[in-house]
file my_file15.pdb (PDB, C-alpha atoms)
ATOM      1  CA  LEU A 265      -5.376  28.734 -22.079
ATOM      2  CA  GLU A 266      -4.692  32.306 -23.097
ATOM      3  CA  ALA A 267      -1.040  31.918 -22.089
ATOM      4  CA  LEU A 268      -0.683  28.895 -24.380
ATOM      5  CA  GLN A 269      -1.825  30.932 -27.374
ATOM      6  CA  ILE A 270       1.062  33.396 -27.015
ATOM      7  CA  LEU A 271       3.682  30.769 -26.071
ATOM      8  CA  LYS A 272       6.554  30.269 -28.535
ATOM      9  CA  ALA A 273       9.031  27.389 -28.804
ATOM     10  CA  SER A 274      11.848  29.740 -27.833
ATOM     11  CA  ASP A 275      10.073  30.392 -24.513
ATOM     12  CA  LEU A 276      10.713  26.762 -23.574
ATOM     13  CA  GLU A 277      14.463  26.745 -24.235
ATOM     14  CA  GLY A 278      16.392  25.602 -21.175
ATOM     15  CA  GLN A 279      13.263  24.512 -19.315
ATOM     16  CA  HIS A 280      14.336  20.859 -19.406
ATOM     17  CA  GLN A 281      17.386  21.768 -17.332
ATOM     18  CA  GLU A 282      15.210  23.641 -14.856
ATOM     19  CA  LEU A 283      12.794  20.716 -14.547
ATOM     20  CA  LEU A 284      15.289  17.845 -14.614
ATOM     21  CA  GLY A 285      18.448  19.519 -13.313
ATOM     22  CA  LYS A 286      18.066  18.141  -9.797
ATOM     23  CA  CYS A 287      16.471  14.833 -10.591
ATOM     24  CA  HIS A 288      17.927  11.498  -9.563
ATOM     25  CA  VAL A 289      17.771   8.757 -12.176
ATOM     26  CA  GLU A 290      18.091   5.053 -11.549
ATOM     27  CA  ALA A 291      17.673   2.357 -14.167
ATOM     28  CA  LEU A 292      17.347  -1.384 -14.105
ATOM     29  CA  LEU A 293      18.343  -2.990 -17.369
ATOM     30  CA  PHE A 294      17.585  -6.637 -17.896
ATOM     31  CA  GLY A 295      17.371  -9.040 -20.764
ATOM     32  CA  ASN A 296      20.002 -10.078 -23.239
ATOM     33  CA  LEU A 297      22.627  -7.520 -22.134
ATOM     34  CA  ASP A 298      26.160  -7.814 -20.894
ATOM     35  CA  ALA A 299      27.848  -5.259 -18.631
ATOM     36  CA  ALA A 300      29.170  -3.198 -21.575
ATOM     37  CA  ASP A 301      25.725  -3.057 -23.204
ATOM     38  CA  ALA A 302      24.152  -1.963 -19.909
ATOM     39  CA  LEU A 303      26.737   0.815 -19.425
ATOM     40  CA  GLN A 304      26.317   2.009 -23.016
ATOM     41  CA  THR A 305      22.524   2.016 -22.757
ATOM     42  CA  SER A 306      22.500   3.849 -19.425
ATOM     43  CA  ALA A 307      24.983   6.448 -20.744
ATOM     44  CA  LEU A 308      22.747   7.049 -23.769
ATOM     45  CA  LEU A 309      19.662   7.351 -21.559
ATOM     46  CA  SER A 310      21.252   9.682 -19.024
ATOM     47  CA  SER A 311      22.911  11.924 -21.635
ATOM     48  CA  GLY A 312      19.524  13.312 -22.628
ATOM     49  CA  LEU A 313      18.273  13.729 -19.076
ATOM     50  CA  LEU A 314      21.123  15.091 -17.022
ATOM     51  CA  PRO A 315      22.156  18.769 -17.082
ATOM     52  CA  LEU A 316      25.241  19.846 -18.988
ATOM     53  CA  GLN A 317      27.147  20.592 -15.807
ATOM     54  CA  PRO A 318      27.017  17.655 -13.389
ATOM     55  CA  ARG A 319      25.913  18.456  -9.881
ATOM     56  CA  GLU A 320      26.497  16.628  -6.668
ATOM     57  CA  VAL A 321      23.620  14.174  -6.532
ATOM     58  CA  HIS A 322      22.143  12.962  -3.279
ATOM     59  CA  PRO A 323      19.777  10.028  -3.754
ATOM     60  CA  PRO A 324      16.396  10.574  -2.168
ATOM     61  CA  VAL A 325      16.042   9.341   1.384
ATOM     62  CA  LYS A 326      13.449   6.645   1.746
ATOM     63  CA  ALA A 327      11.053   7.527   4.513
ATOM     64  CA  GLU A 328       7.490   6.727   5.453
ATOM     65  CA  ALA A 329       5.256   8.231   8.067
ATOM     66  CA  SER A 330       3.957   5.904  10.723
ATOM     67  CA  LEU A 331       0.660   6.414  12.478
ATOM     68  CA  PRO A 332       0.707   7.884  15.970
ATOM     69  CA  ALA A 333       0.119   5.563  18.913
ATOM     70  CA  GLY A 334      -3.508   4.842  19.654
ATOM     71  CA  ARG A 335      -6.231   5.159  17.051
ATOM     72  CA  THR A 336      -6.385   7.398  14.012
ATOM     73  CA  LEU A 337      -9.574   7.705  11.981
ATOM     74  CA  TRP A 338      -9.622   9.340   8.571
ATOM     75  CA  LEU A 339     -12.900   9.936   6.787
ATOM     76  CA  ILE A 340     -12.360  11.070   3.227
ATOM     77  CA  ASP A 341     -15.350  12.051   1.127
ATOM     78  CA  GLY A 342     -15.469  10.809  -2.445
ATOM     79  CA  THR A 343     -15.797  13.114  -5.428
ATOM     80  CA  ASN A 344     -19.314  11.921  -6.327
ATOM     81  CA  PRO A 345     -21.855  12.737  -3.583
ATOM     82  CA  GLU A 346     -24.333  10.239  -5.051
ATOM     83  CA  GLU A 347     -21.894   7.299  -4.866
ATOM     84  CA  ARG A 348     -23.137   4.745  -2.321
ATOM     85  CA  ASN A 349     -20.013   2.606  -2.163
ATOM     86  CA  ASN A 350     -17.368   2.955   0.532
ATOM     87  CA  ALA A 351     -13.975   1.492   1.209
ATOM     88  CA  VAL A 352     -12.843   0.884   4.762
ATOM     89  CA  ARG A 353      -9.288  -0.065   5.659
ATOM     90  CA  LEU A 354      -7.998  -0.957   9.082
ATOM     91  CA  GLU A 355      -4.239  -0.806   9.477
ATOM     92  CA  LEU A 356      -2.276  -2.094  12.433
ATOM     93  CA  GLN A 357       1.370  -1.062  12.526
ATOM     94  CA  LEU A 358       3.930  -3.344  14.142
ATOM     95  CA  PRO A 359       7.636  -3.003  14.861
ATOM     96  CA  LYS A 360       9.805  -4.104  11.951
ATOM     97  CA  GLY A 361      11.905  -7.222  12.378
ATOM     98  CA  LEU A 362      12.393 -10.677  10.947
ATOM     99  CA  GLN A 363      10.424 -12.416  13.691
ATOM    100  CA  ASN A 364       7.502  -9.993  13.342
ATOM    101  CA  SER A 365       7.579 -10.409   9.546
ATOM    102  CA  VAL A 366       7.272 -14.175   9.857
ATOM    103  CA  HIS A 367       4.553 -13.938  12.519
ATOM    104  CA  THR A 368       2.577 -11.352  10.536
ATOM    105  CA  SER A 369       2.787 -13.445   7.378
ATOM    106  CA  LEU A 370       1.480 -16.487   9.257
ATOM    107  CA  LEU A 371      -1.215 -14.406  10.921
ATOM    108  CA  VAL A 372      -2.508 -13.206   7.539
ATOM    109  CA  ARG A 373      -2.500 -16.776   6.164
ATOM    110  CA  ILE A 374      -4.643 -17.866   9.092
ATOM    111  CA  LEU A 375      -6.909 -14.798   9.256
ATOM    112  CA  ASN A 376      -7.612 -14.195   5.568
ATOM    113  CA  PRO A 377      -9.925 -17.170   4.895
ATOM    114  CA  LYS A 378     -11.668 -16.807   8.276
ATOM    115  CA  ILE A 379     -12.312 -13.070   7.881
ATOM    116  CA  PHE A 380     -13.375 -13.507   4.251
ATOM    117  CA  GLU A 381     -15.846 -16.232   5.205
ATOM    118  CA  GLU A 382     -17.284 -14.146   8.042
ATOM    119  CA  LEU A 383     -17.458 -10.689   6.464
ATOM    120  CA  ARG A 384     -17.988 -11.544   2.794
ATOM    121  CA  THR A 385     -19.879 -14.833   2.879
ATOM    122  CA  LYS A 386     -21.853 -14.831   6.138
ATOM    123  CA  GLN A 387     -22.438 -11.118   6.765
ATOM    124  CA  GLN A 388     -22.346 -10.214   3.026
ATOM    125  CA  LEU A 389     -20.688  -7.013   4.109
ATOM    126  CA  GLY A 390     -18.744  -6.104   0.995
ATOM    127  CA  TYR A 391     -17.724  -6.826  -2.556
ATOM    128  CA  ILE A 392     -14.074  -7.069  -1.633
ATOM    129  CA  VAL A 393     -12.829  -8.396   1.707
ATOM    130  CA  GLN A 394      -9.082  -8.810   2.014
ATOM    131  CA  THR A 395      -6.483  -9.262   4.706
ATOM    132  CA  SER A 396      -2.862  -8.517   3.789
ATOM    133  CA  TRP A 397       0.385  -7.226   5.217
ATOM    134  CA  ALA A 398       3.276  -5.088   4.037
ATOM    135  CA  GLU A 399       6.827  -4.329   5.085
ATOM    136  CA  HIS A 400       7.769  -0.652   5.121
ATOM    137  CA  GLU A 401      10.957   1.250   5.896
ATOM    138  CA  GLY A 402      10.493   1.315   9.664
ATOM    139  CA  PHE A 403       7.476  -0.860  10.449
ATOM    140  CA  LEU A 404       5.200  -3.661   9.321
ATOM    141  CA  SER A 405       1.503  -3.180   8.683
ATOM    142  CA  LEU A 406      -1.432  -5.562   8.799
ATOM    143  CA  HIS A 407      -4.357  -4.460   6.600
ATOM    144  CA  LEU A 408      -7.997  -5.429   6.590
ATOM    145  CA  SER A 409      -9.886  -3.878   3.665
ATOM    146  CA  VAL A 410     -13.577  -4.004   2.743
ATOM    147  CA  GLN A 411     -15.271  -2.385  -0.240
ATOM    148  CA  THR A 412     -18.973  -2.059   0.495
ATOM    149  CA  GLU A 413     -22.227  -0.226  -0.048
ATOM    150  CA  PHE A 414     -22.941  -0.127   3.704
ATOM    151  CA  PRO A 415     -22.095   2.968   5.800
ATOM    152  CA  ALA A 416     -18.405   3.174   6.659
ATOM    153  CA  ASP A 417     -18.912   3.434  10.434
ATOM    154  CA  TYR A 418     -21.063   0.305  10.492
ATOM    155  CA  VAL A 419     -18.519  -1.610   8.382
ATOM    156  CA  ARG A 420     -15.613  -0.467  10.551
ATOM    157  CA  GLY A 421     -17.415  -1.727  13.646
ATOM    158  CA  ARG A 422     -18.072  -5.116  12.036
ATOM    159  CA  MET A 423     -14.447  -5.348  10.875
ATOM    160  CA  GLU A 424     -13.074  -4.528  14.337
ATOM    161  CA  ALA A 425     -15.410  -7.071  15.988
ATOM    162  CA  CYS A 426     -14.440  -9.763  13.470
ATOM    163  CA  LEU A 427     -10.731  -9.079  13.868
ATOM    164  CA  GLU A 428     -11.027  -9.182  17.654
ATOM    165  CA  GLN A 429     -13.013 -12.426  17.464
ATOM    166  CA  TYR A 430     -10.427 -14.199  15.328
ATOM    167  CA  LEU A 431      -7.423 -12.855  17.213
ATOM    168  CA  THR A 432      -9.009 -14.246  20.384
ATOM    169  CA  TRP A 433      -9.674 -17.534  18.559
ATOM    170  CA  ILE A 434      -5.995 -17.721  17.559
ATOM    171  CA  GLU A 435      -4.835 -17.050  21.119
ATOM    172  CA  GLU A 436      -7.250 -19.389  22.867
ATOM    173  CA  GLU A 437      -8.516 -22.066  20.474
ATOM    174  CA  LEU A 438      -6.264 -22.546  17.451
ATOM    175  CA  ASP A 439      -4.902 -26.081  17.625
ATOM    176  CA  VAL A 440      -1.859 -27.620  15.939
ATOM    177  CA  ALA A 441      -3.905 -29.458  13.302
ATOM    178  CA  GLU A 442      -5.662 -26.239  12.185
ATOM    179  CA  PHE A 443      -2.370 -24.337  12.224
ATOM    180  CA  GLN A 444      -0.691 -26.967  10.031
ATOM    181  CA  ARG A 445      -3.567 -26.818   7.497
ATOM    182  CA  GLN A 446      -2.590 -23.224   6.853
TER     183      GLN A 446
END

call {"tool": "encode", "arguments": {"input": "my_file15.pdb", "output": "structure tokens"}}
result
Amino acid sequence: LEALQILKASDLEGQHQELLGKCHVEALLFGNLDAADALQTSALLSSGLLPLQPREVHPPVKAEASLPAGRTLWLIDGTNPEERNNAVRLELQLPKGLQNSVHTSLLVRILNPKIFEELRTKQQLGYIVQTSWAEHEGFLSLHLSVQTEFPADYVRGRMEACLEQYLTWIEEELDVAEFQRQ
């Protein structure tokens, strides 16, 4: 705070170029615009952001880290030591591909109501019980999330047992009629 008291406006001259000189800007303009309006608007927007001397711009590379093979367990303490609530998330990563995307989407449609009924309704394990999936840059992920007041290790064990139970049910007992209801 002491430094702010002696700071003058002239001390900040040129700082915008230092901060924004290497940034990459993309814009999506939609609405009642034609191509000329979009070009004019983007030129106006970028004129205030880009440095005076254009640099060679390399768009950022999209990348995501995948989990290592096997199991990874992260335990992250909250900021309030008196908070009783926990969130537990299981994530299974799968190879990316159209067939896996379709299969994972169907799997979530089948699993979500079953897992919700078991963990939320029958076991009353958490406030939020959700099964979902996502497509990333190099992989797909299947998520099972529970927000709960029970200890995280206990909840994780119940989640893993439930997931295993319903994956076995899908493999061994799911019939055509039940599949078509989904």

call {"tool": "resolve_selection", "arguments": {"input": "my_file15.pdb", "expression": "the PyMOL selection byres ((chain A and resi 361) around 12)", "output": "PDB file with C-alpha atoms, in the coordinates of the input"}}
result
ATOM      1  CA  LEU A 358       3.930  -3.344  14.142  1.00  0.00           C
ATOM      2  CA  PRO A 359       7.636  -3.003  14.861  1.00  0.00           C
ATOM      3  CA  LYS A 360       9.805  -4.104  11.951  1.00  0.00           C
ATOM      4  CA  LEU A 362      12.393 -10.677  10.947  1.00  0.00           C
ATOM      5  CA  GLN A 363      10.424 -12.416  13.691  1.00  0.00           C
ATOM      6  CA  ASN A 364       7.502  -9.993  13.342  1.00  0.00           C
ATOM      7  CA  SER A 365       7.579 -10.409   9.546  1.00  0.00           C
ATOM      8  CA  VAL A 366       7.272 -14.175   9.857  1.00  0.00           C
ATOM      9  CA  HIS A 367       4.553 -13.938  12.519  1.00  0.00           C
ATOM     10  CA  THR A 368       2.577 -11.352  10.536  1.00  0.00           C
ATOM     11  CA  GLU A 399       6.827  -4.329   5.085  1.00  0.00           C
ATOM     12  CA  HIS A 400       7.769  -0.652   5.121  1.00  0.00           C
ATOM     13  CA  GLU A 401      10.957   1.250   5.896  1.00  0.00           C
ATOM     14  CA  GLY A 402      10.493   1.315   9.664  1.00  0.00           C
ATOM     15  CA  PHE A 403       7.476  -0.860  10.449  1.00  0.00           C
ATOM     16  CA  LEU A 404       5.200  -3.661   9.321  1.00  0.00           C
ATOM     17  CA  SER A 405       1.503  -3.180   8.683  1.00  0.00           C
TER      18      SER A 405
END

call {"tool": "atom_distance", "arguments": {"input": "my_file15.pdb", "atom1": "atom CA of Val372 of chain A", "atom2": "atom CA of Ser396 of chain A"}}
result
6.0 Å

call {"tool": "resolve_selection", "arguments": {"input": "my_file15.pdb", "expression": "the PyMOL selection byres ((chain A and resi 376) around 9)", "output": "list in words"}}
result
Leu371, Val372, Arg373, Ile374, Leu375, Pro377, Lys378, Ile379, Phe380, Glu381, Val393, Gln394, Thr395, Ser396 and Leu408 of chain A

call {"tool": "axis_aligned_box", "arguments": {"input": "my_file15.pdb", "around": "segment 356-373 of chain A", "padding_each_side": "6 Å", "output": "AutoDock Vina command-line options"}}
result
--center_x 4.9 --center_y -8.9 --center_z 10.5 --size_x 26.9 --size_y 27.7 --size_z 20.7

call {"tool": "resolve_selection", "arguments": {"input": "my_file15.pdb", "expression": "the PyMOL selection byres ((chain A and resi 417) around 12)", "output": "VMD selection string"}}
result
chain A and resid 337 to 339 350 to 354 410 412 to 416 418 to 424

call {"tool": "residues_around", "arguments": {"input": "my_file15.pdb", "residues": "Ser306 of chain A", "least_positions_apart": "2", "cutoff": "10 Å", "atoms": "all atoms listed in the file", "output": "NGL selection string"}}
result
:A and (289-293 or 300-304 or 308-311)

call {"tool": "write_last_selection", "arguments": {"input": "my_file15.pdb", "atoms": "C-alpha atoms", "output": "tab-separated table (two decimals), in the coordinates of the input"}}
result
chain	number	residue	atom	x	y	z
A	289	VAL	CA	17.77	8.76	-12.18
A	290	GLU	CA	18.09	5.05	-11.55
A	291	ALA	CA	17.67	2.36	-14.17
A	292	LEU	CA	17.35	-1.38	-14.10
A	293	LEU	CA	18.34	-2.99	-17.37
A	300	ALA	CA	29.17	-3.20	-21.58
A	301	ASP	CA	25.72	-3.06	-23.20
A	302	ALA	CA	24.15	-1.96	-19.91
A	303	LEU	CA	26.74	0.82	-19.42
A	304	GLN	CA	26.32	2.01	-23.02
A	308	LEU	CA	22.75	7.05	-23.77
A	309	LEU	CA	19.66	7.35	-21.56
A	310	SER	CA	21.25	9.68	-19.02
A	311	SER	CA	22.91	11.92	-21.64

call {"tool": "atom_distance", "arguments": {"input": "my_file15.pdb", "atom1": "atom CA of Ile434 of chain A", "atom2": "atom CA of Gln446 of chain A"}}
result
12.5 Å

call {"tool": "atom_distance", "arguments": {"input": "my_file15.pdb", "atom1": "atom CA of Thr432 of chain A", "atom2": "atom CA of Gln444 of chain A"}}
result
18.4 Å
